[in-house]
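J.: I have a structure here, written as structure tokens, and I will follow up with some questions on it.
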Amino acid sequence: MNNFVWLTNITWIDGTIAVAIFLMFILAGKLFSKYFLKFTAKIARMSKSRIDEALFSAFRKPIIFILVMTGIYLSLSYLPMPAHWKAALSLLYKSAATFSIGWGFFLFSDAIGIFFNRMGDRFDLQFNNIIIPFLSKLTKFIVVVLTAALILEQWNYHVTGLITGLGIGGLAIAMAAKDTLSNLFGGFVIITDAPFTIGDLIQTGTIEGVVEDINFRSTRIRTPEQALVTVPNSTLANQPITNLSKMEKRRISLNVQLDLETTNEQLTICIQAVRRLLSDDPQILKDGLMVYLDRITSSSKNLIVQFFIPTTEYEEWMKVKEKYNLAILGLLEKQGISLAKVFPRTISDADQSKPKQKLVLPVKPASDDKNLTETVQLRSRK
């Protein structure tokens with residue numbers, strides 16, 4: 001209780017002045033919040049720079065916070081505190097000021113894309129859509145670490161000693177954070193190699209979808225079923241990635257199984273008709289166009305129809321595929337050609353009642369002294 005004896009020494013004049021100081025800074029914060037946006041809007045119009053606008057917008061709340069903390073600090077400092085109380089109060093105020101500055105830069109990190117876009121427009125550069133969000137997150141991480149380090153230094157927690165302490169248990173930490181570090185390095189590999197960007201349609205392993213986000217640990221992919229799949233960066237960096245958005249054209253391959261009764265004349269007419277149909281369509285690329293009798297099986301004669309279209313859009317690809325499926329069906333109907341029929345095989349009671357055959361195979365003798373033979377009876381069903 002001796003630490004709070006000084007409270008009894010506060011006069012009503014000291015208390016009134018302290019409260020007045022605090023209310024004055026609260027009022028200053030209210031006025032700043034009310035007129036700050038108008039002021040910054042005028043400055044932004046004068047400078048015609050989105051960076052200035054983003055900077056003012058990021059530091060609006062931190063400035064209000066530091067005004068309130070300044071009011072608390074000055075009002076309490078006016079009271080007859082002991083020296084050690086004032087020293088602790090001073091440290092708290094310095095920490096609050098450092099925190100507010102770090103908070104402002106943390107919010108300003110979201111506007112890093114504006115800076116890179118401006119640099120790209122000025123120097124005719126193009127930045128990958130993954131780099132800007134990743135750099136924004138990296139900047140936030142650095143701001144948080146530096147702010148925490150400065151606050152710890154103010155309270156005499158030396159960061160160098162902390163790092164030394166971490167070095168002692170570095171092996172255990174490295175083992176525990178092995179997956180996290182591998183995902184972090186995997187993210188750097190993806191960004192530097194740039195096999196895809198945000199918005200690209202990719203296929204990796206059994207996953208196919210549109211890339212929505214990449215962070216320090218993982219990459220988020222939206223599948224055609226609208227499911228959001230989170231893939232660790234280490235996994236993504238160590239397996240093949242097919243960027244479907246980088247294709248200049250897309251292949252359509254149709255396998256048409258015709259009835260065995262189809263004559264050679266009908267086949268020739270059908271193949272020529274399909275070739276003419278594809279060649280006359282300006283939507284079809286002439287390179288890679290193939291219509292051939294692929295193979296003859298015991299149940300069908302198979303035609304292979306393959307061509308390319310100059311689009312990578314999945315829906316457009318499906319529309320063209322449907323169009324030529326219907327067109328080929330129309331040609332077959334016009335020529336009187338039927339598709340192959342698959343008949344189910346049935347086993348009659350007579351087949352099941354047939355006696356089983358025994359096959360006797362000679363076996364090599366076990367030794368030269370004994371001329372023994374063994375037989376192995378293998379049963380098979382017809």
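Numbering starts fresh at 1 for the residues of each chain in the structure tokens, the chains themselves are lettered A, B, ... in the order given, and ligands are numbered from 1 as they appear.
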Which residues are near Val256 in chain A? Cut-off 9 Å, only C-alpha atoms, ignore same chain within fewer than 2 positions. Put them as a VMD selection string.
T.: chain A and resid 254 258 301 to 305 328 339 to 340
J.: Go ahead and dump the residues you just picked, C-alpha atoms, as a PDB file, in the first residue's frame.
T.:
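Result file is again-v8.pdb:
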```pdb
ATOM      1  CA  LEU A 254     -13.147 -37.977 -79.966  1.00  0.00           C
ATOM      2  CA  LEU A 258     -18.600 -48.006 -85.189  1.00  0.00           C
ATOM      3  CA  LYS A 301     -14.228 -50.302 -85.810  1.00  0.00           C
ATOM      4  CA  ASN A 302     -12.803 -47.260 -84.040  1.00  0.00           C
ATOM      5  CA  LEU A 303     -12.413 -43.822 -85.581  1.00  0.00           C
ATOM      6  CA  ILE A 304     -10.182 -41.238 -83.914  1.00  0.00           C
ATOM      7  CA  VAL A 305     -11.068 -37.565 -84.469  1.00  0.00           C
ATOM      8  CA  ILE A 328     -20.627 -36.702 -86.247  1.00  0.00           C
ATOM      9  CA  LEU A 339     -22.466 -47.337 -83.381  1.00  0.00           C
ATOM     10  CA  ALA A 340     -20.917 -50.454 -81.927  1.00  0.00           C
TER      11      ALA A 340
END
```
J.: List the neighbours of Cys270 in chain A out to 8 Å using only C-alpha atoms; skip same-chain residues closer than 3 positions along the sequence, and give me the result as a ChimeraX atom specification.
T.: /A:266-267,273-274,331-332,335
J.: Quote the spacing between CA of Lys140 in chain A and CA of Gly102 in chain A in Å to one decimal place.
T.: 9.4 Å
J.: Could you tell me how far CA of Asp14 in chain A lies from CA of Ile72 in chain A, in Å and to one decimal?
T.: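 Computing it gives 14.2 Å between the two atoms.
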J.: Which residues, written as a ChimeraX atom specification, have at least one atom at most 10 Å from Asn215 in chain A, with only C-alpha atoms counted and residues fewer than 6 positions away on the same chain left out?
T.: /A:130,133-135,137-138,183-184,187-188,232-233
J.: Please, what distance in Å, to one decimal, runs between CA of Ala18 in chain A and CA of Tyr78 in chain A?
T.: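 Interatomic distance here is 6.3 Å.
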J.: Determine which residues of range 71-277 of chain A receive a DSSP assignment of strand (DSSP E), computed from the backbone, and state them as JSON, numbers by chain.
T.: {"A": [201, 202, 203, 204, 207, 208, 209, 210, 211, 212, 213, 214, 218, 219, 220, 221, 222, 228, 229, 230, 231, 232, 242, 243, 250, 251, 252, 253, 254, 255, 256, 257, 258]}
J.: Per DSSP on the backbone, what are the helix (DSSP H, G or I) residues of range 63-290 of chain A, as a VMD selection string?
T.: chain A and resid 63 to 78 83 to 123 131 to 154 159 to 168 170 to 176 178 to 193 233 to 237 244 to 246 264 to 279
J.: What does the file look like for those residues with C-alpha atoms, as a short mmCIF file (atom, residue, chain, number, x, y, z; two decimals), in the first residue's frame?
T.:
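Generated file (part-v6.cif):
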```cif
data_model
loop_
_atom_site.label_atom_id
_atom_site.label_comp_id
_atom_site.auth_asym_id
_atom_site.auth_seq_id
_atom_site.Cartn_x
_atom_site.Cartn_y
_atom_site.Cartn_z
CA ILE A 63 -2.39 9.06 -34.88
CA ILE A 64 -5.70 9.11 -32.99
CA PHE A 65 -4.35 6.37 -30.72
CA ILE A 66 -1.13 8.25 -29.94
CA LEU A 67 -3.12 11.43 -29.23
CA VAL A 68 -5.16 9.56 -26.64
CA MET A 69 -2.02 7.98 -25.14
CA THR A 70 -0.34 11.41 -25.03
CA GLY A 71 -3.32 12.79 -23.13
CA ILE A 72 -3.10 9.94 -20.62
CA TYR A 73 0.67 10.38 -20.25
CA LEU A 74 0.62 14.16 -19.74
CA SER A 75 -2.36 14.09 -17.40
CA LEU A 76 -0.80 11.40 -15.20
CA SER A 77 2.61 13.08 -15.34
CA TYR A 78 1.08 16.24 -13.89
CA ALA A 83 10.05 8.90 -9.61
CA HIS A 84 9.82 5.16 -10.31
CA TRP A 85 6.15 5.53 -11.30
CA LYS A 86 7.03 8.30 -13.73
CA ALA A 87 9.85 6.18 -15.19
CA ALA A 88 7.45 3.26 -15.79
CA LEU A 89 4.86 5.65 -17.25
CA SER A 90 7.49 7.08 -19.58
CA LEU A 91 8.41 3.59 -20.79
CA LEU A 92 4.74 2.77 -21.39
CA TYR A 93 4.32 5.97 -23.41
CA LYS A 94 7.43 5.24 -25.51
CA SER A 95 6.19 1.71 -26.15
CA ALA A 96 2.77 3.06 -27.17
CA ALA A 97 4.42 5.54 -29.57
CA THR A 98 6.55 2.80 -31.10
CA PHE A 99 3.50 0.56 -31.40
CA SER A 100 1.46 3.27 -33.14
CA ILE A 101 4.23 3.89 -35.69
CA GLY A 102 4.54 0.16 -36.36
CA TRP A 103 0.75 -0.08 -36.63
CA GLY A 104 0.72 2.65 -39.27
CA PHE A 105 3.39 0.95 -41.38
CA PHE A 106 1.62 -2.39 -40.93
CA LEU A 107 -1.55 -0.90 -42.44
CA PHE A 108 0.45 0.89 -45.14
CA SER A 109 1.91 -2.47 -46.23
CA ASP A 110 -1.42 -3.25 -47.91
CA ALA A 111 -0.75 -0.39 -50.33
CA ILE A 112 2.55 -1.80 -51.55
CA GLY A 113 0.80 -2.87 -54.75
CA ILE A 114 0.18 0.80 -55.61
CA PHE A 115 3.93 1.47 -55.44
CA PHE A 116 4.80 -1.48 -57.69
CA ASN A 117 2.06 -0.61 -60.19
CA ARG A 118 3.36 2.94 -60.35
CA MET A 119 6.91 1.71 -60.87
CA GLY A 120 5.67 -0.65 -63.58
CA ASP A 121 3.87 2.19 -65.39
CA ARG A 122 6.91 4.46 -65.18
CA PHE A 123 9.54 1.95 -66.27
CA ILE A 131 4.77 -11.11 -55.94
CA ILE A 132 2.79 -8.08 -54.76
CA PRO A 133 0.59 -9.89 -52.15
CA PHE A 134 3.57 -11.95 -50.99
CA LEU A 135 5.75 -8.85 -50.56
CA SER A 136 2.92 -7.18 -48.69
CA LYS A 137 2.76 -10.08 -46.23
CA LEU A 138 6.54 -10.17 -45.96
CA THR A 139 6.60 -6.43 -45.22
CA LYS A 140 3.98 -6.88 -42.50
CA PHE A 141 6.04 -9.65 -40.94
CA ILE A 142 9.18 -7.47 -40.93
CA VAL A 143 7.26 -4.53 -39.43
CA VAL A 144 5.88 -6.73 -36.63
CA VAL A 145 9.32 -8.18 -35.83
CA LEU A 146 11.05 -4.77 -35.82
CA THR A 147 8.30 -3.17 -33.72
CA ALA A 148 8.44 -5.98 -31.17
CA ALA A 149 12.25 -5.77 -31.08
CA LEU A 150 12.21 -2.00 -30.47
CA ILE A 151 9.65 -2.32 -27.68
CA LEU A 152 11.68 -5.10 -26.03
CA GLU A 153 14.83 -2.95 -26.26
CA GLN A 154 13.01 -0.10 -24.47
CA VAL A 159 17.31 -8.78 -28.65
CA THR A 160 20.88 -10.00 -29.11
CA GLY A 161 20.62 -12.03 -25.93
CA LEU A 162 17.29 -13.40 -27.05
CA ILE A 163 18.77 -14.46 -30.38
CA THR A 164 21.68 -16.11 -28.55
CA GLY A 165 19.22 -17.99 -26.40
CA LEU A 166 17.38 -19.14 -29.47
CA GLY A 167 20.69 -20.30 -30.94
CA ILE A 168 21.19 -22.64 -28.00
CA GLY A 170 18.14 -23.81 -32.43
CA LEU A 171 18.34 -27.48 -33.29
CA ALA A 172 15.14 -28.32 -31.45
CA ILE A 173 13.37 -25.33 -32.97
CA ALA A 174 14.59 -26.24 -36.45
CA MET A 175 13.30 -29.78 -36.06
CA ALA A 176 9.95 -28.56 -34.79
CA LYS A 178 10.97 -28.16 -40.34
CA ASP A 179 7.68 -28.29 -42.22
CA THR A 180 7.09 -24.57 -41.75
CA LEU A 181 10.55 -23.71 -43.10
CA SER A 182 10.16 -26.08 -46.06
CA ASN A 183 6.82 -24.44 -46.91
CA LEU A 184 8.42 -21.00 -46.61
CA PHE A 185 11.27 -21.88 -48.97
CA GLY A 186 8.73 -23.57 -51.26
CA GLY A 187 6.85 -20.28 -51.43
CA PHE A 188 10.04 -18.45 -52.41
CA VAL A 189 10.71 -21.05 -55.11
CA ILE A 190 7.20 -20.62 -56.53
CA ILE A 191 7.52 -16.83 -56.56
CA THR A 192 10.99 -16.70 -58.11
CA ASP A 193 10.28 -19.43 -60.67
CA ASN A 233 4.07 -24.85 -50.73
CA SER A 234 6.66 -27.58 -50.19
CA THR A 235 4.36 -30.12 -51.85
CA LEU A 236 3.55 -27.76 -54.71
CA ALA A 237 7.20 -26.89 -55.35
CA LEU A 244 -3.54 -24.62 -68.33
CA SER A 245 -3.95 -20.85 -68.68
CA LYS A 246 -0.68 -20.65 -70.63
CA ASN A 264 -15.29 -49.95 -96.22
CA GLU A 265 -17.23 -47.67 -98.55
CA GLN A 266 -19.26 -46.29 -95.68
CA LEU A 267 -16.11 -45.79 -93.65
CA THR A 268 -14.38 -43.90 -96.46
CA ILE A 269 -17.37 -41.64 -97.05
CA CYS A 270 -17.73 -40.98 -93.32
CA ILE A 271 -14.03 -40.13 -92.83
CA GLN A 272 -13.99 -37.75 -95.81
CA ALA A 273 -17.19 -36.05 -94.62
CA VAL A 274 -15.76 -35.46 -91.13
CA ARG A 275 -12.53 -34.09 -92.61
CA ARG A 276 -14.45 -31.66 -94.81
CA LEU A 277 -16.61 -30.61 -91.87
CA LEU A 278 -13.57 -29.76 -89.77
CA SER A 279 -11.56 -28.16 -92.59
#
```
J.: Write out as a VMD selection string which residues come within 8 Å of Gly205 in chain A when counting only C-alpha atoms, dropping same-chain ones fewer than 2 positions away.
T.: chain A and resid 203 207 239 to 241
J.: Between A:Ile284, A:Glu261, A:Phe56, A:Thr204, which is the closest to Thr223 in chain A once you count only C-alpha atoms?
T.: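 Looking only at the distances to Thr223 in chain A, the closest residue turns out to be A:Thr204.
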